[in-house]
Structure formats: structure tokens, C-alpha cells
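As C-alpha cells, the structure follows; a few thoughts come after it.
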2 protein chains.
Amino acid sequence: MKKDAKTRIVVIGGGTGIFAVLVGLKKYFHNLTAIVTMADEGGSTGILREEFGILPPGDIRRALLALSREENKILFELFNYRFREGKSLSGHSFGNLMITALERLTGSFEKAVGEAAKMLGTQGDVLPVTLRQTRLWAELENRQIIRGETNIDIPRHDGRVRIKRAWLSPPVIINPRAEKAILRADIVVIGPGDLYTSLIPNILVRGVKPAFKKTRAKVVYLVNLMTKLGETSGFRASDFLKVMERYVGKNVIDYVVVSSKRPKPNRLRPYAQEESFWVKLDRENFPSSRRRGNKRGPMLVIGNLVRPRGFIRHDSEKTAKLIWSLV
Amino acid sequence: MKKDAKTRIVVIGGGTGIFAVLVGLKKYFHNLTAIVTMADEGGSTGILREEFGILPPGDIRRALLALSREENKILFELFNYRFREGKSLSGHSFGNLMITALERLTGSFEKAVGEAAKMLGTQGDVLPVTLRQTRLWAELENRQIIRGETNIDIPRHDGRVRIKRAWLSPPVIINPRAEKAILRADIVVIGPGDLYTSLIPNILVRGVKPAFKKTRAKVVYLVNLMTKLGETSGFRASDFLKVMERYVGKNVIDYVVVSSKRPKPNRLRPYAQEESFWVKLDRENFPSSRRRGNKRGPMLVIGNLVRPRGFIRHDSEKTAKLIWSLV
């Protein structure tokens, strides 16, 4: 298969969600950029942020791995390795430590990411959405204020109370290279990923929303497959779109992609224990193509994007093919 | 300058001592092997040994760095980087962490060293002297027993009491590749390095002494420039040779290299504070070439091998040239 060398694809997100999408897309497209949230503060990343005052390396690491060439097998494994022993090291991801050391050596997080990308031989760029330190905050419907990404991601509050609004404090401005990538893109893919902790923290960065307004790229929003306690409890597909449009703006998203084929009960069961459920496609709440008429608005794209086995995640190949079909 | 592609050089030692020698030799010789002590248990290395039960990575790291190609500048710096912040990471060498992670990934310390060598593009092999875990012990002249390399290296006992004997417990056997390297070598260079904590722990490994006996290589012993409290207090050049021959055997060393030109007092002064003094060349205690007659015995080689500035260490270039002249 010959890769598409011309189309410029940008994927924006964080967490583990965009990994599969990037892995799939790199087979089809040459010109690929991942823009990654800088709000993460859990686990190994959280410790490194606190102790070194660096930007969060975790999501960057995952995107670099997704785009790395397969030839560098041992470096890939090394970068992906997590220490499981040792008082001081247990839980740390080696890739995170590498980005941290490179940051200290080069004096810049951006340069550190660039050097790691060179070593891994990534196909495409990985860009922090901002180069400034910030923190994610949220206010719940019950007026409770939640400070920090981890406290939203792993809720200690009642996870069924919905989030009213989220913001970054201090406010931070977009990484100029990320802005340029969005403006020049032919397709921008948002997600998949945790709505409030992986996707919206990107949109909240100053300059991202204007870039989305300005770009001539087709914007594709990949709706999650499963709901998440503390973020999207009880959400149906239209709820995801509604919240996303609240942050990114109306008339920005061109395609909203929803997976229709619910996995078998035995695969859903372990999720139910964590109060995570299959996202129902509520067609009635999407404007039909007839009703949409000439008015610009997202077109609902329905596909079967779920991996055939294991965790309920987007299948790399199927998702990439669907995006390819939208070019 | 064209490099010598034929002569097989082996350098055996540990610590920071052999670094300069390897850096110099790689300019002159293609076929270079470093055999490295596995007795180190200080600092970052000590923590990793204890927490991961791995062989000590520190001296391996230094030898790999010494032999790395200069093109890999950032990887070199990364491998050499030491964390200075962070409760959990401060003091850890990134290169040590990398060898540790590689050991876990490949399941073998030897493979880990090989993978690190590939990444750094080292010119020549770096071999652990043994692939088994062991510990260095020493008995002092006052019958006190000292357990562990660090306690000899950084003495908590009276450092002026001489070491009576040193041994490894449990006894361990030579790495077959290290044995082969010694047997096939044209020149084997011992040192420079801390006599009891970097050099002798190699000789104490079972199979090393027989390999020295058997090899047709010329054996060169580079005597230290400075004495060291707790190991070689009050030693003159002949004392170094005497102790080394006690462990490696008589009629093994062909050349004993001593540096004759004492550095200026202002360079020696900081050393005196740590009770470290210039090693005097006591010619009277070396057999003259006439007295040596036909009997095999080490030939005294006198050179000015001290770096012109900074720490009193062997100069890479001068030392390499001297060894080159012995081929």
C-alpha cells in the first residue's frame, strides 16, 4: 500500500486513547502530528512534575511510542518499560525518566521531546499543546470544586455528579508549533480519550479554539466507546458531542464518529464493575442529514470501530481506514 | 592517522581510572576490549544492586561511555547524566537506570550491556569480568575484617592500616568471553584504578589468574599516580607492583609503567587534605635491566603520563601513545 504523502493529519488528545489511532494512521499517512495535553498529573508523571517542575511526560511518551518505527524494537521496549521493583523507582516509566533527563540536558521540554523523537525515529511530530505549566480544575453540578487532573480522573467525590465546567489555571497559551499544525492541517482528529481529562484540557488552552475556527481542516470527533465514572457517567453519544461543542465551539466539528456495534456482555461485564458502560448511540438527538440541509453541522458517521478482542478500545486499523475514507 | 586494526588490546579495571585510557586507546586501536570489575557497590550502583539484585552497572557504564562514538552526542550525555533533584531519583545515574531496565527487558545483564553498547555505538567490547554476584572482603593488618567494596573504598576504619588480603565471597568464575579476550589478546593493560577496589577484584575472579598465565599477550601494569587512604597509604611504586604480583602471580607482568614527573604543589595540595599523595618512584626497589638479565620480570617503563591540568589523572593521549610504543 502506498501511503498518502500529501494529506496533513493532526490528532489531538492524550492518555491511552490516541495511541491506537496514531498506530493505525501512521500506516496510511506520512504527514502526521500528535498534539498532546499537558494537564496530566497522575502516577510517575505526577511525581516527576512535582519533583522536577517539568511538563508532564506521560502522554508525550505514549504518542512517541505510537509513532515510533518498528525497527527500534529494543528502544521502543525500553521507552515503554515501567520499573516494578525498587523503593525509589517502582512505578516510574523509563520513558518518562528519559524525557526528564533530556529536559535537564537540553534545557527545554520541547527540545527533549524532539531528541526522544529522533532516537525513536518517530514518523511525524509530537507536540505539547502548550509549553507552560498549568493545572486542570473542574466545578461539579453540586458546586464542588475539584483541583487537579488526577482528582477528576480518579474521583474521590461522587462520580455520578456531572461536571459543570472545567478550566485551566493559570491560563496558558498554545504552543506556536501546535497552532501552525492545526492551521495547516487537512484533517484534525479529536480523541478518542477521557473527555474532561484528556481532550478538553487541550481545547482549554488559549489559542486552540481560534485555531479550530480558522483552520480549513475537516474536524473529526471520535466519540468514546465507554462512559467513565466522574467524567461522563450516563452519557449517550449526543452528550459527548454537546460537551465537546461547548468547548470547541459550534460549527467546528465536521464529522462525529460513533461506534454502533455493542460488544458482547462478557466483555462489558468487567467495565460495569467500575461503573463504565457502553455509549449508546441516540440517533434521535443528532440532526438528520435532511434536517441539517445547507446548515453546517457535524455529520454523524457510524462505524464498527471496536477491537475484536480484549479491552474495549478503538481498533487501530478500522479507525484509520474510516479516517482515510473521510479524506 | 591510520588505526592499528590487528593488535588486540584488553584493558582490565574499573572505576574512573580506565576511562581515560580507553578514550585514548580507541584512537589508536580498532580491536579493543574492556573487562570490568563486578565488585562495585557504592552510590547509585549500590542501590540498584540492592533493590534489583542486578550486577553493578556503574563501571560498565563508564567503560561504554569511554568507547562510545562521538556522533551519539545526546545519547552519550544522557547515558552520563545524573539526576540531582527528586526524592526518588537524586543521585541515580541515568545510564545505570538504562542498564537496569535493559537487564529486566532482556533477562540478562550481559545482553543488557550488549544492547547499551549497540545504542551508543561503542568501538570495542565491554565485558563484566564475571556474570555472577559476589562481594569484596578485606582483612587488615590489625586483623579487622571489612565487608563490601564501599567500606574499603570509603574507609570508616583507620585508613592507614594496610590491607593484608582481599577476597571475593562467594567465589565466582570468569565470564567466558572475558577469558577468551585475555587469551587472544596481544596486550593486556591492567589499570589504572584503585588497587584493592577496582583492579584486584578482577584478578580475584576464578579463572583470571590462569588466563594471565596462559596468554601470550604482553601484560602492562599502569601504576597509580596518587596513593589512596584505606588502600595504598604510604605506597611507593614498587609497593603497587608487589601487591599486584601477589594476586596476579610472578612473571606475568611484562611492563610496569610509572609516571615520574611530580605535578606542582598547588595541584597536589587538595589531595593532601584527603591523605592522598604522589606515588614516588623508588627505582632502587626495581631490578635494573642488567640485574634482570635473562630472567623474566617486569621492565620498568618511566613516562610523563600526567594530564597537564585539573585532576591528577592519566592523560588519555600520552598513555595511549606509550602503550602503542610497546606493541
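Quick note on naming: the chains in the C-alpha cells go A, B, ... in the order shown, residues restart at 1 in each chain, and ligands are numbered from 1 in order of appearance.
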
Considering only C-alpha atoms, extract the chain A residues located within 12 Å of chain B and return them as a compact mmCIF listing (two decimals) with N, CA and C atoms, in the first residue's frame.
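Here's the written file part39.txt:
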```
# COMPACT_ATOMS: atom_id res chain seq x y z
N SER A 44 3.61 8.25 37.75
CA SER A 44 5.01 8.58 37.51
C SER A 44 5.14 10.03 37.02
N GLY A 46 3.09 12.52 37.56
CA GLY A 46 2.79 13.45 38.64
C GLY A 46 3.99 13.65 39.55
N ILE A 47 4.69 12.56 39.86
CA ILE A 47 5.87 12.64 40.73
C ILE A 47 6.96 13.49 40.06
N LEU A 48 7.17 13.25 38.77
CA LEU A 48 8.21 13.98 38.05
C LEU A 48 7.86 15.47 37.93
N ARG A 49 6.56 15.76 37.71
CA ARG A 49 6.13 17.16 37.66
C ARG A 49 6.44 17.84 38.98
N GLU A 50 6.11 17.14 40.07
CA GLU A 50 6.27 17.75 41.38
C GLU A 50 7.75 17.93 41.73
N GLU A 51 8.53 16.89 41.46
CA GLU A 51 9.92 16.92 41.93
C GLU A 51 10.85 17.68 40.99
N PHE A 52 10.52 17.71 39.71
CA PHE A 52 11.41 18.37 38.75
C PHE A 52 10.80 19.64 38.15
N GLY A 53 9.52 19.86 38.42
CA GLY A 53 8.86 21.03 37.84
C GLY A 53 8.82 21.00 36.33
N ILE A 54 8.82 19.82 35.75
CA ILE A 54 8.78 19.74 34.29
C ILE A 54 7.34 19.59 33.80
N ASN A 72 13.20 0.05 15.75
CA ASN A 72 13.84 0.33 17.04
C ASN A 72 13.20 -0.47 18.16
N LYS A 73 13.15 -1.78 17.99
CA LYS A 73 12.39 -2.58 18.91
C LYS A 73 12.86 -2.44 20.36
N ILE A 74 14.14 -2.54 20.57
CA ILE A 74 14.62 -2.53 21.96
C ILE A 74 14.43 -1.14 22.58
N LEU A 75 14.66 -0.10 21.79
CA LEU A 75 14.47 1.25 22.31
C LEU A 75 12.99 1.50 22.60
N PHE A 76 12.13 0.95 21.75
CA PHE A 76 10.68 1.02 21.98
C PHE A 76 10.34 0.38 23.31
N GLU A 77 10.83 -0.82 23.52
CA GLU A 77 10.51 -1.54 24.76
C GLU A 77 11.07 -0.82 25.98
N LEU A 78 12.25 -0.29 25.81
CA LEU A 78 12.90 0.44 26.90
C LEU A 78 12.06 1.67 27.26
N PHE A 79 11.67 2.40 26.26
CA PHE A 79 10.90 3.63 26.45
C PHE A 79 9.55 3.33 27.09
N ASN A 80 9.08 2.13 26.85
CA ASN A 80 7.77 1.70 27.35
C ASN A 80 7.88 0.98 28.69
N TYR A 81 9.12 0.73 29.12
CA TYR A 81 9.33 -0.09 30.31
C TYR A 81 8.95 0.66 31.58
N ARG A 82 8.31 -0.07 32.50
CA ARG A 82 7.99 0.52 33.81
C ARG A 82 8.68 -0.29 34.90
N PHE A 83 9.40 0.42 35.77
CA PHE A 83 10.06 -0.26 36.89
C PHE A 83 8.99 -0.82 37.83
N ARG A 84 9.19 -2.06 38.24
CA ARG A 84 8.24 -2.71 39.15
C ARG A 84 8.88 -3.02 40.49
N GLU A 85 10.17 -2.73 40.59
CA GLU A 85 10.88 -3.01 41.83
C GLU A 85 11.60 -1.76 42.28
N GLY A 86 12.14 -1.85 43.50
CA GLY A 86 12.97 -0.74 43.98
C GLY A 86 12.13 0.31 44.66
N LYS A 87 12.48 0.60 45.88
CA LYS A 87 11.77 1.62 46.66
C LYS A 87 11.64 2.91 45.86
N SER A 88 12.75 3.33 45.27
CA SER A 88 12.79 4.65 44.67
C SER A 88 12.22 4.66 43.26
N LEU A 89 12.30 3.55 42.57
CA LEU A 89 11.98 3.57 41.15
C LEU A 89 10.63 2.94 40.80
N SER A 90 10.13 2.12 41.68
CA SER A 90 8.91 1.37 41.37
C SER A 90 7.79 2.30 40.90
N GLY A 91 7.20 1.96 39.78
CA GLY A 91 6.10 2.76 39.22
C GLY A 91 6.55 3.76 38.18
N HIS A 92 7.84 4.09 38.18
CA HIS A 92 8.32 5.06 37.18
C HIS A 92 8.43 4.41 35.80
N SER A 93 7.98 5.15 34.82
CA SER A 93 8.15 4.72 33.45
C SER A 93 9.53 5.18 32.98
N PHE A 94 10.27 4.27 32.36
CA PHE A 94 11.62 4.63 31.90
C PHE A 94 11.57 5.77 30.89
N GLY A 95 10.56 5.74 30.01
CA GLY A 95 10.42 6.81 29.02
C GLY A 95 10.23 8.16 29.68
N ASN A 96 9.46 8.19 30.76
CA ASN A 96 9.28 9.45 31.48
C ASN A 96 10.61 9.95 32.06
N LEU A 97 11.40 9.02 32.59
CA LEU A 97 12.70 9.41 33.15
C LEU A 97 13.61 9.94 32.05
N MET A 98 13.50 9.33 30.90
CA MET A 98 14.34 9.74 29.77
C MET A 98 13.97 11.15 29.32
N ILE A 99 12.68 11.42 29.22
CA ILE A 99 12.25 12.77 28.82
C ILE A 99 12.69 13.78 29.89
N THR A 100 12.60 13.38 31.15
CA THR A 100 13.02 14.27 32.24
C THR A 100 14.52 14.59 32.14
N ALA A 101 15.32 13.55 31.95
CA ALA A 101 16.77 13.75 31.84
C ALA A 101 17.10 14.60 30.61
N LEU A 102 16.40 14.34 29.51
CA LEU A 102 16.64 15.12 28.29
C LEU A 102 16.24 16.58 28.48
N GLU A 103 15.19 16.79 29.25
CA GLU A 103 14.78 18.17 29.54
C GLU A 103 15.87 18.90 30.29
N ARG A 104 16.46 18.24 31.27
CA ARG A 104 17.53 18.86 32.04
C ARG A 104 18.78 19.09 31.17
N LEU A 105 19.04 18.16 30.28
CA LEU A 105 20.23 18.26 29.44
C LEU A 105 20.10 19.34 28.38
N THR A 106 18.91 19.43 27.77
CA THR A 106 18.72 20.38 26.67
C THR A 106 18.20 21.71 27.19
N LYS A 111 12.64 20.62 23.24
CA LYS A 111 13.84 20.00 22.67
C LYS A 111 13.97 18.55 23.14
N ALA A 112 13.62 18.32 24.40
CA ALA A 112 13.69 16.97 24.95
C ALA A 112 12.79 16.03 24.14
N GLY A 114 11.82 16.47 21.11
CA GLY A 114 12.43 16.35 19.79
C GLY A 114 13.56 15.32 19.77
N GLU A 115 14.39 15.34 20.80
CA GLU A 115 15.51 14.40 20.87
C GLU A 115 15.01 12.96 21.05
N ALA A 116 14.00 12.82 21.90
CA ALA A 116 13.43 11.48 22.10
C ALA A 116 12.82 10.98 20.79
N LYS A 118 13.73 11.77 17.79
CA LYS A 118 14.83 11.40 16.88
C LYS A 118 15.34 10.00 17.21
N MET A 119 15.56 9.76 18.51
CA MET A 119 16.07 8.45 18.91
C MET A 119 15.12 7.33 18.52
N LEU A 120 13.84 7.57 18.74
CA LEU A 120 12.85 6.53 18.44
C LEU A 120 12.54 6.47 16.96
```

Taking the backbone alone, and naming residues the way the document does, which bits of region 37-245 of chain A are strand (DSSP E or B) by DSSP, as a PyMOL selection string?
chain A and resi 68+82+93+122+125-128+130+135-140+145-147+163-169+173-174+187-190+206+218-222+226

Same-sequence superposition of chain B onto chain A, all C-alpha, as a short mmCIF file (atom, residue, chain, number, x, y, z; two decimals) with C-alpha atoms, in the first residue's frame:
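Just written: part23.cif:
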```cif
data_model
loop_
_atom_site.label_atom_id
_atom_site.label_comp_id
_atom_site.auth_asym_id
_atom_site.auth_seq_id
_atom_site.Cartn_x
_atom_site.Cartn_y
_atom_site.Cartn_z
CA MET B 1 -0.08 0.01 -0.01
CA LYS B 2 1.22 3.43 -0.86
CA LYS B 3 0.95 5.96 1.89
CA ASP B 4 -0.82 9.26 1.46
CA ALA B 5 2.07 11.73 1.45
CA LYS B 6 0.06 14.89 0.96
CA THR B 7 -2.77 14.92 3.45
CA ARG B 8 -1.83 16.56 6.72
CA ILE B 9 -3.37 14.83 9.70
CA VAL B 10 -3.38 16.18 13.23
CA VAL B 11 -4.56 14.09 16.16
CA ILE B 12 -5.30 15.93 19.37
CA GLY B 13 -5.80 14.24 22.72
CA GLY B 14 -3.95 12.44 25.46
CA GLY B 15 -3.95 9.40 27.67
CA THR B 16 -4.03 5.96 26.10
CA GLY B 17 -6.86 6.85 23.74
CA ILE B 18 -4.96 8.32 20.85
CA PHE B 19 -2.31 5.58 20.90
CA ALA B 20 -4.35 3.16 18.80
CA VAL B 21 -5.42 5.87 16.40
CA LEU B 22 -1.84 7.03 15.81
CA VAL B 23 -0.60 3.47 15.35
CA GLY B 24 -3.24 2.96 12.68
CA LEU B 25 -2.81 6.30 10.95
CA LYS B 26 0.95 6.01 10.53
CA LYS B 27 0.34 3.14 8.10
CA TYR B 28 -1.82 5.32 5.88
CA PHE B 29 -0.40 8.80 6.16
CA HIS B 30 3.08 10.27 6.02
CA ASN B 31 2.28 13.65 7.40
CA LEU B 32 1.14 13.11 10.95
CA THR B 33 1.19 15.33 14.04
CA ALA B 34 0.06 14.47 17.55
CA ILE B 35 -0.88 17.35 19.83
CA VAL B 36 -0.87 16.24 23.41
CA THR B 37 -2.46 17.56 26.61
CA MET B 38 -0.21 18.99 29.33
CA ALA B 39 -2.70 18.60 32.17
CA ASP B 40 -1.76 15.07 33.25
CA GLU B 41 -0.55 14.80 36.81
CA GLY B 42 -1.06 11.17 37.81
CA GLY B 43 1.43 8.41 38.69
CA SER B 44 5.03 8.59 37.53
CA THR B 45 4.26 11.76 35.58
CA GLY B 46 2.81 13.43 38.65
CA ILE B 47 5.89 12.64 40.75
CA LEU B 48 8.22 13.98 38.06
CA ARG B 49 6.14 17.15 37.67
CA GLU B 50 6.28 17.75 41.38
CA GLU B 51 9.93 16.91 41.94
CA PHE B 52 11.42 18.35 38.75
CA GLY B 53 8.87 21.01 37.85
CA ILE B 54 8.78 19.72 34.29
CA LEU B 55 5.84 19.47 31.93
CA PRO B 56 4.09 16.09 32.08
CA PRO B 57 5.99 13.47 30.07
CA GLY B 58 3.49 10.56 30.19
CA ASP B 59 1.19 11.39 27.29
CA ILE B 60 4.10 12.58 25.19
CA ARG B 61 5.78 9.23 25.79
CA ARG B 62 2.71 7.33 24.62
CA ALA B 63 2.38 9.41 21.45
CA LEU B 64 6.10 8.98 20.67
CA LEU B 65 5.76 5.24 21.12
CA ALA B 66 2.72 5.13 18.88
CA LEU B 67 4.61 6.90 16.09
CA SER B 68 7.96 5.13 16.56
CA ARG B 69 9.29 2.98 13.76
CA GLU B 70 9.20 -0.70 14.45
CA GLU B 71 12.89 -1.17 13.69
CA ASN B 72 13.87 0.32 17.04
CA LYS B 73 12.40 -2.60 18.92
CA ILE B 74 14.63 -2.53 21.98
CA LEU B 75 14.49 1.24 22.33
CA PHE B 76 10.71 1.01 21.99
CA GLU B 77 10.53 -1.56 24.77
CA LEU B 78 12.92 0.43 26.91
CA PHE B 79 10.93 3.61 26.45
CA ASN B 80 7.80 1.70 27.35
CA TYR B 81 9.35 -0.10 30.34
CA ARG B 82 8.00 0.51 33.82
CA PHE B 83 10.06 -0.27 36.89
CA ARG B 84 8.24 -2.71 39.16
CA GLU B 85 10.89 -3.04 41.87
CA GLY B 86 12.97 -0.76 43.98
CA LYS B 87 11.75 1.62 46.66
CA SER B 88 12.84 4.63 44.68
CA LEU B 89 12.00 3.55 41.14
CA SER B 90 8.92 1.34 41.37
CA GLY B 91 6.11 2.75 39.24
CA HIS B 92 8.33 5.05 37.20
CA SER B 93 8.17 4.71 33.46
CA PHE B 94 11.63 4.61 31.92
CA GLY B 95 10.45 6.78 29.04
CA ASN B 96 9.30 9.44 31.49
CA LEU B 97 12.71 9.39 33.17
CA MET B 98 14.36 9.73 29.79
CA ILE B 99 12.27 12.76 28.84
CA THR B 100 13.04 14.26 32.26
CA ALA B 101 16.79 13.73 31.86
CA LEU B 102 16.66 15.10 28.31
CA GLU B 103 14.78 18.14 29.55
CA ARG B 104 17.54 18.83 32.05
CA LEU B 105 20.26 18.24 29.46
CA THR B 106 18.74 20.35 26.70
CA GLY B 107 17.16 22.94 28.99
CA SER B 108 13.81 22.70 27.23
CA PHE B 109 10.89 20.28 27.29
CA GLU B 110 10.26 20.82 23.60
CA LYS B 111 13.86 19.99 22.68
CA ALA B 112 13.71 16.96 24.96
CA VAL B 113 10.67 15.66 23.08
CA GLY B 114 12.46 16.33 19.80
CA GLU B 115 15.54 14.38 20.89
CA ALA B 116 13.45 11.46 22.12
CA ALA B 117 11.57 11.50 18.81
CA LYS B 118 14.85 11.39 16.89
CA MET B 119 16.09 8.44 18.92
CA LEU B 120 12.87 6.52 18.44
CA GLY B 121 12.72 7.51 14.80
CA THR B 122 9.11 8.61 15.05
CA GLN B 123 7.11 9.17 11.90
CA GLY B 124 5.58 12.54 12.50
CA ASP B 125 5.72 15.19 15.16
CA VAL B 126 4.63 15.03 18.76
CA LEU B 127 3.83 18.46 20.18
CA PRO B 128 2.85 19.56 23.67
CA VAL B 129 -0.31 21.64 23.30
CA THR B 130 1.32 24.30 25.46
CA LEU B 131 4.84 24.86 26.75
CA ARG B 132 3.62 26.36 30.01
CA GLN B 133 2.77 24.74 33.30
CA THR B 134 -0.86 24.67 34.25
CA ARG B 135 -3.45 22.69 36.17
CA LEU B 136 -6.91 21.43 35.33
CA TRP B 137 -9.83 22.41 37.57
CA ALA B 138 -13.48 21.43 37.46
CA GLU B 139 -16.70 22.55 39.07
CA LEU B 140 -19.37 19.93 39.56
CA GLU B 141 -23.12 20.41 39.21
CA ASN B 142 -23.28 20.44 43.03
CA ARG B 143 -20.83 23.36 43.04
CA GLN B 144 -17.96 21.29 44.41
CA ILE B 145 -14.57 22.42 43.04
CA ILE B 146 -12.09 19.70 42.04
CA ARG B 147 -8.44 20.62 41.76
CA GLY B 148 -6.10 18.70 39.50
CA GLU B 149 -6.43 16.20 36.69
CA THR B 150 -5.89 13.12 38.87
CA ASN B 151 -8.74 14.04 41.18
CA ILE B 152 -11.09 14.23 38.21
CA ASP B 153 -9.62 11.15 36.53
CA ILE B 154 -9.78 9.04 39.70
CA PRO B 155 -12.69 10.64 41.52
CA ARG B 156 -12.83 10.82 45.28
CA HIS B 157 -16.11 12.69 45.02
CA ASP B 158 -19.43 11.17 43.89
CA GLY B 159 -18.54 10.26 40.33
CA ARG B 160 -22.13 10.41 39.16
CA VAL B 161 -22.40 14.12 39.76
CA ARG B 162 -21.78 15.76 36.41
CA ILE B 163 -19.07 18.25 35.68
CA LYS B 164 -20.48 21.73 35.12
CA ARG B 165 -17.36 23.33 33.75
CA ALA B 166 -13.62 22.80 33.51
CA TRP B 167 -10.79 25.33 33.21
CA LEU B 168 -7.05 25.66 33.33
CA SER B 169 -5.35 27.75 35.98
CA PRO B 170 -3.11 29.52 35.35
CA PRO B 171 -4.36 30.10 31.82
CA VAL B 172 -1.74 29.12 29.27
CA ILE B 173 -1.20 29.84 25.63
CA ILE B 174 -0.88 27.45 22.73
CA ASN B 175 2.49 26.11 21.59
CA PRO B 176 3.07 28.01 18.31
CA ARG B 177 4.00 24.79 16.51
CA ALA B 178 0.74 23.18 17.61
CA GLU B 179 -1.17 26.20 16.34
CA LYS B 180 0.58 26.04 13.00
CA ALA B 181 -0.16 22.32 12.73
CA ILE B 182 -3.89 22.87 13.28
CA LEU B 183 -3.99 25.77 10.81
CA ARG B 184 -2.20 23.81 8.09
CA ALA B 185 -3.98 20.51 8.63
CA ASP B 186 -6.32 18.83 6.17
CA ILE B 187 -7.86 16.71 8.88
CA VAL B 188 -7.88 17.22 12.64
CA VAL B 189 -8.95 14.23 14.71
CA ILE B 190 -10.10 14.90 18.26
CA GLY B 191 -9.82 11.89 20.53
CA PRO B 192 -10.64 9.30 21.50
CA GLY B 193 -9.82 9.88 25.14
CA ASP B 194 -11.26 10.79 28.51
CA LEU B 195 -13.46 13.77 27.72
CA TYR B 196 -12.56 16.07 30.60
CA THR B 197 -9.06 14.82 31.48
CA SER B 198 -7.53 14.11 28.06
CA LEU B 199 -9.45 16.02 25.39
CA ILE B 200 -10.90 19.22 26.84
CA PRO B 201 -7.60 20.25 28.56
CA ASN B 202 -6.29 20.74 25.01
CA ILE B 203 -9.25 22.82 23.91
CA LEU B 204 -8.97 24.97 27.04
CA VAL B 205 -5.52 26.21 26.08
CA ARG B 206 -5.70 29.78 24.79
CA GLY B 207 -5.44 29.89 21.05
CA VAL B 208 -6.74 26.38 20.38
CA LYS B 209 -10.37 27.36 19.84
CA PRO B 210 -9.45 30.23 17.46
CA ALA B 211 -7.19 27.85 15.55
CA PHE B 212 -10.09 25.43 15.15
CA LYS B 213 -12.28 28.27 13.91
CA LYS B 214 -9.69 29.40 11.42
CA THR B 215 -8.44 26.13 10.00
CA ARG B 216 -9.81 24.77 6.74
CA ALA B 217 -9.23 21.25 8.01
CA LYS B 218 -12.07 18.78 8.32
CA VAL B 219 -12.54 18.20 12.02
CA VAL B 220 -13.39 14.66 13.12
CA TYR B 221 -14.50 13.93 16.66
CA LEU B 222 -14.15 10.30 17.74
CA VAL B 223 -16.71 9.68 20.46
CA ASN B 224 -15.68 7.34 23.27
CA LEU B 225 -16.88 3.76 23.35
CA MET B 226 -17.45 3.61 27.09
CA THR B 227 -18.61 6.09 29.71
CA LYS B 228 -16.34 6.97 32.59
CA LEU B 229 -17.29 7.50 36.21
CA GLY B 230 -16.56 11.04 37.31
CA GLU B 231 -16.47 12.41 33.79
CA THR B 232 -19.17 11.04 31.53
CA SER B 233 -21.46 8.97 33.73
CA GLY B 234 -24.72 8.28 31.92
CA PHE B 235 -23.55 9.98 28.72
CA ARG B 236 -25.03 8.97 25.41
CA ALA B 237 -23.26 9.74 22.14
CA SER B 238 -25.02 13.10 21.72
CA ASP B 239 -23.92 14.18 25.21
CA PHE B 240 -20.28 13.77 24.22
CA LEU B 241 -20.83 15.92 21.18
CA LYS B 242 -22.76 18.52 23.14
CA VAL B 243 -20.01 18.94 25.72
CA MET B 244 -17.27 18.96 23.12
CA GLU B 245 -19.06 21.64 21.12
CA ARG B 246 -19.51 23.69 24.28
CA TYR B 247 -15.71 23.93 24.48
CA VAL B 248 -14.55 23.85 20.88
CA GLY B 249 -17.45 25.85 19.52
CA LYS B 250 -20.42 25.26 17.23
CA ASN B 251 -19.86 24.59 13.54
CA VAL B 252 -16.34 23.38 14.13
CA ILE B 253 -16.79 19.61 14.12
CA ASP B 254 -17.51 18.23 10.66
CA TYR B 255 -17.80 14.54 11.45
CA VAL B 256 -18.82 12.94 14.70
CA VAL B 257 -17.85 9.28 14.66
CA VAL B 258 -19.81 6.85 16.81
CA SER B 259 -19.33 3.12 17.06
CA SER B 260 -22.59 1.28 16.80
CA LYS B 261 -21.90 -2.37 17.48
CA ARG B 262 -22.09 -3.06 21.18
CA PRO B 263 -19.58 -5.72 22.33
CA LYS B 264 -20.80 -8.96 23.90
CA PRO B 265 -21.87 -8.89 27.55
CA ASN B 266 -18.83 -10.85 28.77
CA ARG B 267 -16.57 -8.07 27.52
CA LEU B 268 -18.74 -5.36 29.05
CA ARG B 269 -19.02 -7.02 32.46
CA PRO B 270 -15.63 -6.03 33.95
CA TYR B 271 -16.34 -2.43 32.93
CA ALA B 272 -19.69 -2.42 34.72
CA GLN B 273 -17.84 -3.10 37.97
CA GLU B 274 -16.16 0.26 37.53
CA GLU B 275 -19.46 1.87 36.55
CA SER B 276 -18.32 2.21 32.98
CA PHE B 277 -20.95 1.47 30.35
CA TRP B 278 -21.32 1.24 26.59
CA VAL B 279 -22.05 4.61 24.99
CA LYS B 280 -25.47 4.37 23.36
CA LEU B 281 -25.98 5.95 20.00
CA ASP B 282 -29.07 8.14 20.41
CA ARG B 283 -29.74 8.90 16.77
CA GLU B 284 -32.83 10.91 17.62
CA ASN B 285 -30.64 13.58 19.16
CA PHE B 286 -28.50 14.01 16.06
CA PRO B 287 -29.88 16.20 13.28
CA SER B 288 -30.66 14.01 10.27
CA SER B 289 -28.81 14.89 7.10
CA ARG B 290 -32.10 16.17 5.69
CA ARG B 291 -32.78 18.38 8.67
CA ARG B 292 -29.19 19.59 8.55
CA GLY B 293 -29.92 20.84 5.07
CA ASN B 294 -27.48 23.54 4.03
CA LYS B 295 -26.71 24.50 7.58
CA ARG B 296 -23.23 23.48 8.60
CA GLY B 297 -23.21 20.93 11.40
CA PRO B 298 -21.51 17.70 12.25
CA MET B 299 -22.32 14.72 10.09
CA LEU B 300 -22.89 11.54 12.06
CA VAL B 301 -20.61 8.74 10.90
CA ILE B 302 -21.45 5.31 12.22
CA GLY B 303 -18.93 2.51 12.06
CA ASN B 304 -17.89 -0.61 13.88
CA LEU B 305 -14.62 0.56 15.33
CA VAL B 306 -14.26 -1.68 18.36
CA ARG B 307 -11.31 -4.04 18.63
CA PRO B 308 -12.46 -7.62 18.15
CA ARG B 309 -10.92 -8.80 21.42
CA GLY B 310 -9.58 -7.67 24.78
CA PHE B 311 -10.11 -4.20 26.17
CA ILE B 312 -12.92 -2.28 24.57
CA ARG B 313 -10.89 0.22 22.60
CA HIS B 314 -10.79 1.67 19.13
CA ASP B 315 -9.24 -0.71 16.66
CA SER B 316 -6.18 0.87 15.02
CA GLU B 317 -6.84 -0.44 11.57
CA LYS B 318 -10.59 0.14 11.42
CA THR B 319 -10.30 3.65 12.81
CA ALA B 320 -7.49 4.61 10.43
CA LYS B 321 -9.46 3.27 7.47
CA LEU B 322 -12.51 5.25 8.48
CA ILE B 323 -10.47 8.45 8.72
CA TRP B 324 -8.83 7.65 5.39
CA SER B 325 -12.31 7.36 3.86
CA LEU B 326 -13.12 10.89 5.03
CA VAL B 327 -10.17 12.47 3.18
#
```

So which bits of region 68-290 of chain A end up helix (DSSP H, G or I) when you DSSP the backbone, as a count of residues only?
89
